[in-house]
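Below: the structure, in C-alpha cells.
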Amino acid sequence: MTSNRSGSLFSGVDRWTVLLYMLIVLVGWFSITAATYDETVPQLFSFAHFYMKQVVWIAVAAVVALFVLLLDDRYYHMWAYPAYIFGLLILLSTLVIGKEINGAKAWISFGSFNVQPVEFVKIATALAMARLMSEYTFSIARIGDLMKVAFLLAIPLLIIILQNDTGSGLVLGSFLFVLYREGLNKWLCIPILLIATLFIASFLLSPLALLLLLIVLCTFSEMMVSGQVRSRIIFVAGMFLAAMLLMVISTMLFENGLDLYQALLIVSLTTTLGLAIYSFRFNLAHTFITLILFAGSVIFLLSVDHVFNALEPHQQKRILSFMGIINDPAGADYNVNQAKIAIGSGGLFGKGFLQGTQIKYGFVPERHTDFIFCTVGEEWGFLGTLTILTLFALLILRLMRMGERQEEPFGRIYCYCVAAILLFHVLVNVGMTVGLMPVMGIPLPFMSYGGSSLIAFTILLFIAIRLDASTRVFNPNKL
C-alpha cells in the first residue's frame with residue numbers, strides 16, 4: 001500500500017467530499033434542533049436538549065475524522081481482518097450482555113450511553129471485503145472465491161438476525177452493488193434482487209405460482225448469461241413433463257397422489273442438485289450461482305411461515321400493513337401516516353424553522369432519529385428535501401469517483417462499499433418515511449440523532465477519504 005506520510009495533514013484530501021459531509025451534518029443538527037427543541041427548558045444551551053448532546057457527538061466525530069486522516073493508509077489494509085474478527089466478537093457479546101431497545105438486542109450500555117456495535121461492524125466488514133477481493137489470486141468468476149465473499153457477509157448477517165435487528169442486517173445486501181462493479185455478471189443481479197421480494201410475494205401468490213415464477217426468472221437469467229436459449233428451454237420443458245408424469249404415476253399408485261406443485265417441487269430440487277454438482281465440477285460459476293439461488297429461494301419459500309412467525313408482532317404488522325393486508329391507523333400505520341402528513345403539509349417552501357406543527361407537538365414518533373426526514377419535509381418543504389437528497393447523491397457519486405481513480409483494488413472496492421452502504425441507508429430511510437418501504441429502523445446517515453451512528457458513518461467515510469488522499473498525493477493530476 002502507498003502512503004502520503006510526507007506533506008501536510010490535508011494533502012490530497014478531497015475537499016468537496018469533506019464539504020458535503022459538513023453540510024449534511026449541519027443540516028442534520030438543525031433538523032434535530034427543530035425536532036426536539038423544548039420551550040419549557042429555560043436554558044438554551046442546556047444539555048437537557050438533544051441538539052446540545054448532538055453538538056458533543058459532532059465534536060467527537062470531528063476529532064475521530066482527524067485521527068483517521070492521521071493514520072497511515074497501510075494500517076487499514078493491514079488490520080482489515082483483525083478488525084473484522086474483533087467486530088464479530090463484539091457483535092456476539094450483545095447476545096449475552098446486550099440491552100434490548102425497540103425489540104432488538106443490539107445495544108451495549110456504558111452508563112447512560114448506548115453503543116450499537118453493528119454500526120462499526122459495517123466498517124470492519126467493508127474493510128475485510130475490500131482486502132479479500134483485492135487479493136492477487138481473487139477472481140470474481142471463480143466459484144470458490146465468491147463463496148468466500150458470501151461466507152464473509154453471512155457471519156455478521158446471521159448474528160444481526162439473532163439480535164432481531166433485521167433492518168441493519170439487510171444493509172449487508174447492498175454489497176451486491178460492489179460485486180457488480182467488480183465484474184459479477186449483470187444478469188445474475190436480476191434473480192438476486194427479485195428473490196428478495198419473494199417474502200412479500202408469498203403472502204399474495206399461491207405456492208405453485210411462486211415456484212413457476214422462480215423457475216422462469218432463474219431460467220431467463222441463465223439464458224442471458226450463457227447465451228444458450230434453446231437448450232435451456234428444452235430443459236425446462238423436460239422438467240415440466242417429468243413433473244406431470246410423476247404426478248400421474250403417484251395418483252395411480254396412491255390414493256392421495258402428488259399434486260402439480262409437489263411434483264414440480266421434487267423434480268426441480270432433484271435436477272438442481274445434479275446440475276449444481278456438474279456446474280461446480282466444471283467451474284460454471286454463473287450456472288452454479290443461479291442454481292444455488294434457486295434452491296435457497298425454494299427452501300426459503302417452504303419455511304416462510306416459520307420465518308414470519310419468528311418475527312416480533314410489531315414487525316409482522318409493519319409488513320402486513322405495507323402490503324395493504326391490514327389497516328391499522330392507530331397502530332402499525334401510525335408512524336408512516338403521521339410522517340406523510342408532516343411532509344405533505346410542508347408544501348413547496350415549508351413552514352419555517354421551529355414552525356412544524358406535526359413535529360413540534362410530537363405527532364411523529366422518533367422524529368429526531370429514524371424519522372428525521374419528516375422534519376426536513378415539514379419545515380423546509382419540497383425544496384428542502386430535494387436539497388438534502390441532492391447532497392446525498394453528490395456525496396455518493398463523489399465516493400464512486402474516488403473509487404474509480406484508485407490505483408489499487410483495495411481502495412476502489414472500499415470506496416464502493418461506502419457508497420453502497422450510504423445509498424442503501426438513504427433509500428430505505430426516505431422510502432419508509434414516505435410509505436414506499438416497510439419501517440425498518442434504519443437511520444439517515446449523518447443526520448439522525450445518535451453518537452454511535454454519527455461516529456461510525458464518519459469513520460466509514462473518512463477512511464475512504466484517507467485512502468483516496470494517498471492516491472492524489474502521488475498522482476496530483478488525479479482530480
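By order in the C-alpha cells, chains are A, B, ...; within a chain, residues start at 1; ligands start at 1, following the order shown.
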Quiz item: Hey, what's within 7 Å of segment 30-35 of chain A if we count only C-alpha atoms and toss same-chain stuff fewer than 2 positions away? As a ChimeraX atom specification, please?
Solution: /A:26-28,37,51,353-354,359-360,367-368,372,375-376,449
Would you save the residues of that selection, restricted to N, CA and C atoms, as an mmCIF file, in the first residue's frame?
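Full text of selection.cif as output:
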data_model
loop_
_atom_site.group_PDB
_atom_site.id
_atom_site.type_symbol
_atom_site.label_atom_id
_atom_site.label_comp_id
_atom_site.auth_asym_id
_atom_site.auth_seq_id
_atom_site.Cartn_x
_atom_site.Cartn_y
_atom_site.Cartn_z
ATOM 1 N N LEU A 26 -24.449 19.504 9.300
ATOM 2 C CA LEU A 26 -25.032 20.770 9.756
ATOM 3 C C LEU A 26 -26.545 20.774 9.585
ATOM 4 N N VAL A 27 -27.003 20.319 8.435
ATOM 5 C CA VAL A 27 -28.453 20.237 8.201
ATOM 6 C C VAL A 27 -29.090 19.271 9.200
ATOM 7 N N GLY A 28 -28.397 18.178 9.478
ATOM 8 C CA GLY A 28 -28.903 17.219 10.460
ATOM 9 C C GLY A 28 -29.038 17.852 11.837
ATOM 10 N N TYR A 37 -36.553 20.688 20.138
ATOM 11 C CA TYR A 37 -36.488 21.903 20.959
ATOM 12 C C TYR A 37 -37.648 21.953 21.941
ATOM 13 N N TYR A 51 -30.281 18.589 20.952
ATOM 14 C CA TYR A 51 -29.396 19.223 19.985
ATOM 15 C C TYR A 51 -28.060 19.610 20.610
ATOM 16 N N PHE A 353 -38.350 27.321 10.124
ATOM 17 C CA PHE A 353 -37.606 26.714 11.217
ATOM 18 C C PHE A 353 -38.367 26.837 12.530
ATOM 19 N N LEU A 354 -38.544 25.713 13.232
ATOM 20 C CA LEU A 354 -39.260 25.594 14.504
ATOM 21 C C LEU A 354 -40.758 25.861 14.373
ATOM 22 N N ILE A 359 -44.301 18.102 13.907
ATOM 23 C CA ILE A 359 -43.055 17.790 14.610
ATOM 24 C C ILE A 359 -43.065 18.402 16.004
ATOM 25 N N LYS A 360 -43.440 19.662 16.076
ATOM 26 C CA LYS A 360 -43.371 20.418 17.330
ATOM 27 C C LYS A 360 -44.232 19.801 18.425
ATOM 28 N N ARG A 367 -39.008 11.388 15.698
ATOM 29 C CA ARG A 367 -38.822 12.457 14.712
ATOM 30 C C ARG A 367 -37.388 12.984 14.661
ATOM 31 N N HIS A 368 -36.582 12.681 15.672
ATOM 32 C CA HIS A 368 -35.187 13.141 15.666
ATOM 33 C C HIS A 368 -34.208 12.017 15.339
ATOM 34 N N ILE A 372 -36.199 11.546 10.953
ATOM 35 C CA ILE A 372 -35.674 12.908 10.877
ATOM 36 C C ILE A 372 -36.019 13.569 9.544
ATOM 37 N N THR A 375 -38.907 16.082 9.522
ATOM 38 C CA THR A 375 -38.642 17.443 9.962
ATOM 39 C C THR A 375 -38.223 18.323 8.792
ATOM 40 N N VAL A 376 -37.362 17.769 7.948
ATOM 41 C CA VAL A 376 -36.927 18.498 6.762
ATOM 42 C C VAL A 376 -38.118 18.791 5.859
ATOM 43 N N TYR A 449 -30.220 11.588 14.988
ATOM 44 C CA TYR A 449 -29.591 11.780 16.291
ATOM 45 C C TYR A 449 -28.947 10.480 16.769
#
Might you pull out every residue within 7 Å of segment 116-126 of chain A, with only C-alpha atoms counted and same-chain residues fewer than 3 positions away left off, and present them as a CSV table (one decimal) with C-alpha atoms, in the first residue's frame?
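Result written to result08.csv:
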chain,number,residue,atom,x,y,z
A,80,ALA,CA,-8.8,-5.3,8.0
A,83,ALA,CA,-10.9,-5.6,12.8
A,84,TYR,CA,-13.5,-7.9,11.2
A,87,GLY,CA,-16.2,-6.7,15.3
A,90,ILE,CA,-18.3,-7.5,20.0
A,91,LEU,CA,-21.4,-8.3,17.9
A,106,ALA,CA,-28.3,-4.9,19.6
A,107,TRP,CA,-27.0,-2.3,22.1
A,108,ILE,CA,-24.3,-2.3,24.8
A,129,MET,CA,-14.4,-7.5,1.9
A,130,ALA,CA,-12.0,-4.9,0.2
A,414,TYR,CA,-13.7,0.0,-0.1
A,417,CYS,CA,-18.6,-0.4,-0.3
A,452,SER,CA,-22.6,5.7,17.6
A,453,SER,CA,-24.3,6.3,14.3
A,456,ALA,CA,-19.4,5.2,12.7
A,460,LEU,CA,-16.6,4.9,7.3
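Each of A:Ala263, A:Arg466, A:Arg74, A:Lys105 was compared to Ser250 of chain A using only C-alpha atoms, and A:Ala263 turns out to be the nearest.
Among the candidates A:Phe462, A:Leu20, A:Leu253, A:Phe175, the one nearest to Ile388 of chain A when counting only C-alpha atoms is A:Leu20.
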